Protein chains: 2
Amino acid sequence: MYIIVVGCGKMGGFIANTLSRKEMDVVVIDVNEKSFSELSTDFSGFQIEGDALETEILRRAKIEQADLLLVLTDDDNVNLTVAQVGKHVFKVPHTIARVFDPRREVIFQRLGIDTICPTRLSAQKILDTLEQIKKDNK
Amino acid sequence: MYIIVVGCGKMGGFIANTLSRKEMDVVVIDVNEKSFSELSTDFSGFQIEGDALETEILRRAKIEQADLLLVLTDDDNVNLTVAQVGKHVFKVPHTIARVFDPRREVIFQRLGIDTICPTRLSAQKILDTLEQIKKDNK
């Protein structure tokens, strides 16, 4: 599996480290070189400093060969745009974009972009915990 | 169920709305009044503007009666502190703190605080998706 991760903040960095430890080929792109400090010392992938909104940067990351594009920056608009370019221009087989604002998730999905919404996942986890508490209280 | 939500950002607001729609009693605390704009028009709970690090604010939210305290601000240190006060000082039966940085999750757990880490949940979801992709490719 060849995976491109766009955005090396807390989430992108953590996920890139996790994938690298599972012996997948990972390239991380971030506009800010300092963000790469999120990568652990055993991270075995490549880092590219640049703006993933520029197709030249995506090409440098060999996006034509990617099996999966993960777009995980803090900016929903960037995520939507890069994911669409990956899916429709470079025909990456699988593209997942992070959605910060859960209310926008439906917009992404209407545009055919698979999403990951940490807020919604967390809300679901809390609801599951509540169900468990209710059961335990009975 | 009586639930206190500390922090009304994207996550706190979304979760407070979700719980309110499920007909639970919800009080939301935030230092910044503007944050309450995250609450939907049908939110049926109470809002308290104030700093949850002050026990007076927690008392005003009737923390002694709470079944669940959710501490969901963007600041891990605030979350850890408020969760500990809720658990150990006010003996709230269930306390869950958001952890922004996955590397700190173990510290929270060692202090007996239940955690929710959106980044870790998202990473797990992505790994599950990868497993599915691998299966589909076979």
# chains A, B, ... in the order shown; residues from 1 in each chain; ligands from 1
call {"tool": "interface_residues", "arguments": {"of": "chain B", "to": "chain A", "cutoff": "10 Å", "atoms": "only C-alpha atoms", "output": "VMD selection string"}}
result
chain B and resid 1 10 to 16 18 to 19 22 67 to 68 70 93 to 94 96 98 100 to 103 116 to 127 129 to 130 133 to 134
call {"tool": "residues_around", "arguments": {"residues": "Asn17 (chain A)", "least_positions_apart": "5", "cutoff": "8 Å", "atoms": "only C-alpha atoms", "output": "PyMOL selection string"}}
result
chain A and resi 39-40+43
call {"tool": "write_last_selection", "arguments": {"atoms": "N, CA and C atoms", "output": "short mmCIF file (atom, residue, chain, number, x, y, z; two decimals), in the first residue's frame"}}
result
data_model
loop_
_atom_site.label_atom_id
_atom_site.label_comp_id
_atom_site.auth_asym_id
_atom_site.auth_seq_id
_atom_site.Cartn_x
_atom_site.Cartn_y
_atom_site.Cartn_z
N LEU A 39 6.28 13.74 13.49
CA LEU A 39 6.66 12.38 13.07
C LEU A 39 7.65 11.79 14.06
N SER A 40 7.47 10.53 14.37
CA SER A 40 8.34 9.90 15.36
C SER A 40 9.69 9.57 14.73
N PHE A 43 9.78 6.95 12.04
CA PHE A 43 8.96 7.13 10.83
C PHE A 43 9.83 6.82 9.61
#
call {"tool": "select_by_dssp", "arguments": {"residues": "region 64-112 of chain A", "states": "helix (DSSP H, G or I)", "output": "number ranges by chain"}}
result
A: 64-65, 76-89, 102-110
call {"tool": "write_last_selection", "arguments": {"atoms": "C-alpha atoms", "output": "PDB file, in the first residue's frame"}}
result
ATOM      1  CA  GLU A  64      -0.394   8.723  -9.734  1.00  0.00           C
ATOM      2  CA  GLN A  65       0.894   5.660  -7.864  1.00  0.00           C
ATOM      3  CA  ASP A  76     -12.127  21.868   5.594  1.00  0.00           C
ATOM      4  CA  ASN A  77     -11.915  23.851   2.339  1.00  0.00           C
ATOM      5  CA  VAL A  78      -8.360  22.684   1.693  1.00  0.00           C
ATOM      6  CA  ASN A  79      -9.381  19.120   2.510  1.00  0.00           C
ATOM      7  CA  LEU A  80     -12.339  19.168   0.145  1.00  0.00           C
ATOM      8  CA  THR A  81     -10.323  20.695  -2.705  1.00  0.00           C
ATOM      9  CA  VAL A  82      -7.284  18.415  -2.404  1.00  0.00           C
ATOM     10  CA  ALA A  83      -9.512  15.347  -2.046  1.00  0.00           C
ATOM     11  CA  GLN A  84     -11.422  16.274  -5.207  1.00  0.00           C
ATOM     12  CA  VAL A  85      -8.207  16.854  -7.168  1.00  0.00           C
ATOM     13  CA  GLY A  86      -6.892  13.489  -5.949  1.00  0.00           C
ATOM     14  CA  LYS A  87     -10.073  11.661  -6.844  1.00  0.00           C
ATOM     15  CA  HIS A  88     -11.069  13.290 -10.114  1.00  0.00           C
ATOM     16  CA  VAL A  89      -7.800  14.564 -11.626  1.00  0.00           C
ATOM     17  CA  PRO A 102     -19.800  17.840  11.126  1.00  0.00           C
ATOM     18  CA  ARG A 103     -22.432  19.990   9.412  1.00  0.00           C
ATOM     19  CA  ARG A 104     -20.304  20.040   6.250  1.00  0.00           C
ATOM     20  CA  GLU A 105     -19.897  16.272   6.065  1.00  0.00           C
ATOM     21  CA  VAL A 106     -22.962  15.891   3.868  1.00  0.00           C
ATOM     22  CA  ILE A 107     -21.541  18.400   1.350  1.00  0.00           C
ATOM     23  CA  PHE A 108     -18.351  16.353   1.035  1.00  0.00           C
ATOM     24  CA  GLN A 109     -20.331  13.160   0.625  1.00  0.00           C
ATOM     25  CA  ARG A 110     -22.554  14.667  -2.069  1.00  0.00           C
TER      26      ARG A 110
END
call {"tool": "select_by_dssp", "arguments": {"residues": "chain A", "states": "strand (DSSP E)", "output": "ChimeraX atom specification"}}
result
/A:2-6,25-30,46-49,68-71,94-98,114-116
call {"tool": "write_last_selection", "arguments": {"atoms": "N, CA and C atoms", "output": "CSV table (one decimal), in the first residue's frame"}}
result
chain,number,residue,atom,x,y,z
A,2,TYR,N,0.6,2.2,-0.9
A,2,TYR,CA,1.3,3.4,-1.0
A,2,TYR,C,0.3,4.5,-0.6
A,3,ILE,N,0.6,5.3,0.4
A,3,ILE,CA,-0.4,6.2,1.0
A,3,ILE,C,0.2,7.6,1.1
A,4,ILE,N,-0.5,8.6,0.7
A,4,ILE,CA,-0.1,10.0,0.8
A,4,ILE,C,-1.0,10.6,1.9
A,5,VAL,N,-0.3,11.3,2.9
A,5,VAL,CA,-1.0,12.0,3.9
A,5,VAL,C,-0.8,13.5,3.8
A,6,VAL,N,-1.8,14.2,3.6
A,6,VAL,CA,-1.7,15.7,3.5
A,6,VAL,C,-2.1,16.3,4.8
A,25,ASP,N,4.0,2.2,2.9
A,25,ASP,CA,4.8,3.3,2.3
A,25,ASP,C,4.0,4.5,2.4
A,26,VAL,N,4.6,5.5,3.2
A,26,VAL,CA,3.9,6.7,3.5
A,26,VAL,C,4.7,7.9,3.0
A,27,VAL,N,4.0,8.9,2.4
A,27,VAL,CA,4.6,10.2,2.1
A,27,VAL,C,3.7,11.3,2.8
A,28,VAL,N,4.3,12.2,3.5
A,28,VAL,CA,3.6,13.2,4.2
A,28,VAL,C,3.9,14.6,3.6
A,29,ILE,N,2.8,15.3,3.3
A,29,ILE,CA,3.0,16.7,2.7
A,29,ILE,C,2.5,17.7,3.7
A,30,ASP,N,3.2,18.7,4.0
A,30,ASP,CA,2.7,19.8,4.8
A,30,ASP,C,3.4,21.1,4.3
A,46,PHE,N,8.5,9.4,3.6
A,46,PHE,CA,9.1,10.6,3.1
A,46,PHE,C,8.3,11.8,3.5
A,47,GLN,N,9.0,13.0,3.6
A,47,GLN,CA,8.3,14.3,3.9
A,47,GLN,C,8.5,15.2,2.7
A,48,ILE,N,7.4,15.9,2.4
A,48,ILE,CA,7.5,16.9,1.3
A,48,ILE,C,6.9,18.2,1.9
A,49,GLU,N,7.8,19.2,1.9
A,49,GLU,CA,7.3,20.5,2.3
A,49,GLU,C,6.7,21.3,1.1
A,68,LEU,N,-4.0,5.3,-1.7
A,68,LEU,CA,-4.9,6.0,-0.8
A,68,LEU,C,-4.4,7.4,-0.5
A,69,LEU,N,-5.3,8.3,-0.6
A,69,LEU,CA,-4.9,9.7,-0.3
A,69,LEU,C,-5.7,10.1,1.0
A,70,LEU,N,-5.0,10.5,2.0
A,70,LEU,CA,-5.7,11.0,3.3
A,70,LEU,C,-5.4,12.5,3.4
A,71,VAL,N,-6.5,13.3,3.4
A,71,VAL,CA,-6.3,14.7,3.5
A,71,VAL,C,-6.8,15.2,4.8
A,94,HIS,N,-8.6,5.5,-3.7
A,94,HIS,CA,-9.3,5.7,-2.4
A,94,HIS,C,-8.9,7.1,-1.8
A,95,THR,N,-9.9,7.9,-1.5
A,95,THR,CA,-9.6,9.2,-1.0
A,95,THR,C,-10.4,9.5,0.3
A,96,ILE,N,-9.8,9.9,1.4
A,96,ILE,CA,-10.6,10.2,2.5
A,96,ILE,C,-10.2,11.6,3.0
A,97,ALA,N,-11.2,12.4,3.3
A,97,ALA,CA,-10.9,13.8,3.7
A,97,ALA,C,-11.4,13.9,5.1
A,98,ARG,N,-10.7,14.6,6.0
A,98,ARG,CA,-11.1,15.0,7.3
A,98,ARG,C,-12.1,16.1,7.2
A,114,ASP,N,-15.2,10.4,0.3
A,114,ASP,CA,-15.3,9.7,1.6
A,114,ASP,C,-14.7,10.6,2.7
A,115,THR,N,-15.4,10.6,3.9
A,115,THR,CA,-15.0,11.5,4.9
A,115,THR,C,-14.7,10.8,6.2
A,116,ILE,N,-13.9,11.5,7.0
A,116,ILE,CA,-13.7,11.1,8.4
A,116,ILE,C,-13.9,12.3,9.3
